[in-house]
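Engineer: Sharing a structure, written as structure tokens. Questions coming.
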Amino acid sequence: MLPEGWQRRIVGSVSDVIDPQPDHRAPAIAEDGDGFPYIGIRDVNMDGTLNFGTARPVSESAVLKQEAAFSIDAGDIVFCKVGTLGIPRIVRPHGRCALSATLVLIKRKQNIDNGYLLYALDSTVTTSQTDLLATGSTRSALGIQQIRKFQIPYPPLEEQTQIAKFLDYETAKIDALIEKQQQLIALLKEK
């Protein structure tokens, strides 16, 4: 049951869900090892920055192919569709790169708060749908159409913004407490 004034929406109605590698072929590794980063979920840090050092290098043609089809903008969300399912991350400003075939790129439409969309994609609501729809025996996978059809709770825009701000605030408090605990543990180990 949803609160009054809330709706259920599918992810594809509130965002564009883009398959960065529709042919599902990973580009060849750059011969000289000095290419452009091919970003998988392990190359996206928790804060959304990209770790180009861990990404495998690919030729510029792989980047050009994707740039012709879509842009990767600050604030876009990547969502893992193969292997470690889920794990949405907002992408922060970066240099030129290509997205792995294991990801989808989610670009919000106007009437949804980007922070709220990230939290909705990282919620048990989405996780339960991921668990239900995943296929594969060696590596779990989701189809892009399944991701587009994920249902999320959809409150009015003002409430979305308030929810995202509240969760950001609470998450920052928890992160600060964890940092203090880690410092305390380090001090105790010294003694």
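Ligands are numbered from 1 in the order shown, chains are lettered A, B, ... in the order of the structure tokens, and residues start at 1 in each chain.
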With only C-alpha atoms as the counted atoms, please give the residues lying no more than 12 Å from range 20-23 of chain A, apart from itself and same-chain residues fewer than 2 positions off, as a compact mmCIF listing (two decimals) with N, CA, C and O atoms, in the first residue's frame.
Structural biologist:
```txt
# COMPACT_ATOMS: atom_id res chain seq x y z
N ASP A 16 15.20 7.54 -19.20
CA ASP A 16 15.63 6.81 -20.39
C ASP A 16 16.64 5.78 -19.92
O ASP A 16 17.61 6.13 -19.23
N VAL A 17 16.40 4.52 -20.24
CA VAL A 17 17.30 3.44 -19.86
C VAL A 17 18.02 3.00 -21.13
O VAL A 17 17.40 2.48 -22.06
N ILE A 18 19.33 3.24 -21.17
CA ILE A 18 20.11 3.07 -22.39
C ILE A 18 21.06 1.88 -22.25
O ILE A 18 21.78 1.78 -21.25
N ARG A 25 28.92 -6.95 -27.40
CA ARG A 25 30.31 -7.34 -27.66
C ARG A 25 31.24 -6.35 -26.99
O ARG A 25 31.21 -5.16 -27.29
N ALA A 26 32.06 -6.87 -26.14
CA ALA A 26 33.04 -6.01 -25.49
C ALA A 26 34.12 -5.65 -26.50
O ALA A 26 34.59 -6.51 -27.24
N PRO A 27 34.50 -4.38 -26.58
CA PRO A 27 35.55 -4.00 -27.52
C PRO A 27 36.89 -4.61 -27.11
O PRO A 27 37.11 -4.94 -25.95
N TYR A 38 37.23 1.56 -20.23
CA TYR A 38 35.98 0.81 -20.46
C TYR A 38 35.42 0.52 -19.07
O TYR A 38 35.91 -0.34 -18.36
N ILE A 39 34.41 1.28 -18.68
CA ILE A 39 33.94 1.35 -17.30
C ILE A 39 32.91 0.26 -16.99
O ILE A 39 31.87 0.19 -17.63
N GLY A 40 33.23 -0.55 -15.99
CA GLY A 40 32.28 -1.50 -15.40
C GLY A 40 31.90 -1.00 -14.02
O GLY A 40 32.43 0.01 -13.54
N ALA A 62 35.72 2.56 -29.78
CA ALA A 62 34.67 2.13 -28.85
C ALA A 62 34.00 3.33 -28.20
O ALA A 62 32.78 3.36 -28.02
N VAL A 63 34.77 4.34 -27.87
CA VAL A 63 34.23 5.56 -27.26
C VAL A 63 33.41 6.33 -28.29
O VAL A 63 32.30 6.78 -28.01
N LEU A 64 33.94 6.46 -29.49
CA LEU A 64 33.23 7.18 -30.55
C LEU A 64 31.89 6.53 -30.87
O LEU A 64 30.89 7.23 -31.11
N LYS A 65 31.85 5.21 -30.87
CA LYS A 65 30.61 4.48 -31.15
C LYS A 65 29.53 4.85 -30.13
O LYS A 65 28.39 5.12 -30.49
N GLN A 66 29.92 4.88 -28.85
CA GLN A 66 28.95 5.24 -27.82
C GLN A 66 28.61 6.73 -27.86
O GLN A 66 27.45 7.10 -27.70
N GLU A 67 29.60 7.58 -28.09
CA GLU A 67 29.33 9.03 -28.15
C GLU A 67 28.36 9.37 -29.28
O GLU A 67 27.62 10.34 -29.17
N ALA A 68 28.36 8.58 -30.34
CA ALA A 68 27.42 8.81 -31.44
C ALA A 68 25.99 8.47 -31.05
O ALA A 68 25.04 9.01 -31.60
N ALA A 69 25.83 7.58 -30.07
CA ALA A 69 24.51 7.12 -29.67
C ALA A 69 23.95 7.85 -28.45
O ALA A 69 22.74 8.03 -28.32
N PHE A 70 24.82 8.27 -27.53
CA PHE A 70 24.36 8.91 -26.29
C PHE A 70 25.53 9.64 -25.64
O PHE A 70 26.68 9.43 -26.00
N SER A 71 25.20 10.49 -24.67
CA SER A 71 26.24 11.16 -23.88
C SER A 71 26.16 10.65 -22.44
O SER A 71 25.09 10.25 -21.98
N ILE A 72 27.29 10.66 -21.77
CA ILE A 72 27.33 10.33 -20.34
C ILE A 72 27.50 11.65 -19.61
O ILE A 72 28.54 12.29 -19.71
N VAL A 78 24.39 4.80 -13.45
CA VAL A 78 24.69 3.50 -14.05
C VAL A 78 24.13 2.43 -13.12
O VAL A 78 24.09 2.60 -11.90
N PHE A 79 23.68 1.33 -13.74
CA PHE A 79 23.05 0.24 -13.00
C PHE A 79 23.58 -1.05 -13.60
O PHE A 79 23.54 -1.23 -14.82
N CYS A 80 24.08 -1.94 -12.77
CA CYS A 80 24.69 -3.17 -13.24
C CYS A 80 23.62 -4.20 -13.60
O CYS A 80 22.74 -4.49 -12.79
N LYS A 81 23.71 -4.74 -14.83
CA LYS A 81 22.72 -5.71 -15.29
C LYS A 81 23.27 -7.12 -15.45
O LYS A 81 22.54 -8.04 -15.76
N CYS A 97 35.20 8.11 -21.92
CA CYS A 97 35.25 6.69 -21.59
C CYS A 97 34.13 5.98 -22.33
O CYS A 97 33.28 6.62 -22.95
N ALA A 98 34.11 4.66 -22.24
CA ALA A 98 33.02 3.85 -22.77
C ALA A 98 32.45 3.03 -21.61
O ALA A 98 33.17 2.67 -20.69
N LEU A 99 31.14 2.77 -21.66
CA LEU A 99 30.51 1.98 -20.62
C LEU A 99 30.46 0.52 -21.02
O LEU A 99 30.17 0.18 -22.17
N SER A 100 30.70 -0.35 -20.06
CA SER A 100 30.70 -1.79 -20.27
C SER A 100 29.31 -2.29 -20.67
O SER A 100 28.28 -1.70 -20.31
N ALA A 101 29.30 -3.42 -21.37
CA ALA A 101 28.05 -4.09 -21.74
C ALA A 101 27.32 -4.62 -20.50
O ALA A 101 26.16 -5.00 -20.59
N THR A 102 27.98 -4.64 -19.35
CA THR A 102 27.35 -5.12 -18.11
C THR A 102 26.53 -4.04 -17.42
O THR A 102 25.89 -4.32 -16.41
N LEU A 103 26.55 -2.82 -17.94
CA LEU A 103 25.84 -1.69 -17.33
C LEU A 103 24.70 -1.21 -18.22
O LEU A 103 24.69 -1.45 -19.42
N VAL A 104 23.76 -0.50 -17.61
CA VAL A 104 22.83 0.34 -18.34
C VAL A 104 23.03 1.76 -17.83
O VAL A 104 23.46 1.96 -16.69
N LEU A 105 22.74 2.72 -18.68
CA LEU A 105 22.83 4.13 -18.31
C LEU A 105 21.40 4.63 -18.14
O LEU A 105 20.56 4.43 -19.01
N ILE A 106 21.14 5.25 -17.00
CA ILE A 106 19.79 5.74 -16.69
C ILE A 106 19.84 7.26 -16.60
O ILE A 106 20.54 7.82 -15.77
N GLY A 143 17.65 -8.36 -18.40
CA GLY A 143 17.50 -7.71 -19.70
C GLY A 143 17.15 -6.25 -19.52
O GLY A 143 16.58 -5.85 -18.49
N ILE A 144 17.49 -5.46 -20.51
CA ILE A 144 17.21 -4.02 -20.42
C ILE A 144 15.70 -3.76 -20.33
O ILE A 144 15.26 -2.85 -19.62
```
Engineer: For the contact check between range 77-138 of chain A and range 148-151 of chain A, emit one row per residue of range 77-138 of chain A within 9 Å, containing the shortest atom pair and the distance in Å rounded to one decimal, counting only C-alpha atoms, chain then rising number order, as CSV.
Structural biologist:
```
residue,atom,partner,partner_atom,distance
A:Leu121,CA,A:Phe150,CA,8.9
A:Val125,CA,A:Gln151,CA,7.9
A:Thr126,CA,A:Phe150,CA,6.8
A:Gln129,CA,A:Phe150,CA,6.8
A:Thr130,CA,A:Phe150,CA,8.4
```
Engineer: Could you write out the selected residues, including N, CA and C atoms, as a CSV table (one decimal), in the first residue's frame?
Structural biologist:
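Once everything was written out, this is again-v4.csv:
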```
chain,number,residue,atom,x,y,z
A,121,LEU,N,16.2,3.0,-6.9
A,121,LEU,CA,16.9,1.9,-7.5
A,121,LEU,C,17.8,1.1,-6.6
A,125,VAL,N,12.7,-2.5,-2.8
A,125,VAL,CA,11.7,-2.6,-3.8
A,125,VAL,C,12.3,-3.1,-5.1
A,126,THR,N,13.4,-2.5,-5.5
A,126,THR,CA,14.1,-2.9,-6.7
A,126,THR,C,14.9,-4.2,-6.6
A,129,GLN,N,12.7,-7.1,-7.1
A,129,GLN,CA,12.4,-7.3,-8.5
A,129,GLN,C,13.6,-7.9,-9.2
A,130,THR,N,14.8,-7.5,-8.9
A,130,THR,CA,16.0,-8.0,-9.4
A,130,THR,C,16.2,-9.5,-9.1
```
Engineer: With only C-alpha atoms as the counted atoms, please give the residues lying no more than 12 Å from Asp131 in chain A, apart from itself and same-chain residues fewer than 6 positions off, as a list in words.
Structural biologist: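 Contacts, in chain order: Lys81, Thr84, Leu85, Gly86, Thr124, Val125, Ser140, Ala141, Leu142, Gln146, Ile147 and Phe150 of chain A.
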Engineer: Write the residues you've just listed into a file as an mmCIF file, in the first residue's frame, and include C-alpha atoms for each of them.
Structural biologist:
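Output contents, as saved in selection_2.cif:
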```
data_model
loop_
_atom_site.group_PDB
_atom_site.id
_atom_site.type_symbol
_atom_site.label_atom_id
_atom_site.label_comp_id
_atom_site.auth_asym_id
_atom_site.auth_seq_id
_atom_site.Cartn_x
_atom_site.Cartn_y
_atom_site.Cartn_z
ATOM 1 C CA LYS A 81 22.716 -5.708 -15.285
ATOM 2 C CA THR A 84 26.777 -8.069 -9.474
ATOM 3 C CA LEU A 85 23.202 -7.019 -10.189
ATOM 4 C CA GLY A 86 21.865 -3.656 -9.168
ATOM 5 C CA THR A 124 14.528 -3.341 -1.382
ATOM 6 C CA VAL A 125 11.677 -2.643 -3.815
ATOM 7 C CA SER A 140 23.112 -13.502 -13.033
ATOM 8 C CA ALA A 141 21.732 -11.164 -15.663
ATOM 9 C CA LEU A 142 18.811 -8.856 -16.341
ATOM 10 C CA GLN A 146 13.145 -5.901 -17.442
ATOM 11 C CA ILE A 147 15.006 -2.930 -15.950
ATOM 12 C CA PHE A 150 10.937 -2.152 -12.700
#
```
Engineer: Using DSSP assignments from the backbone, pull out every residue in range 39-102 of chain A that falls under strand (DSSP E) and give it to me as a ChimeraX atom specification.
Structural biologist: /A:39,56-58,77-80,86-90,98-99
Engineer: Based on the backbone DSSP call, show me all residues of range 81-163 of chain A assigned helix (DSSP H, G or I), as an NGL selection string.
Structural biologist: :A and (114-121 or 124-133 or 144-148 or 157-163)
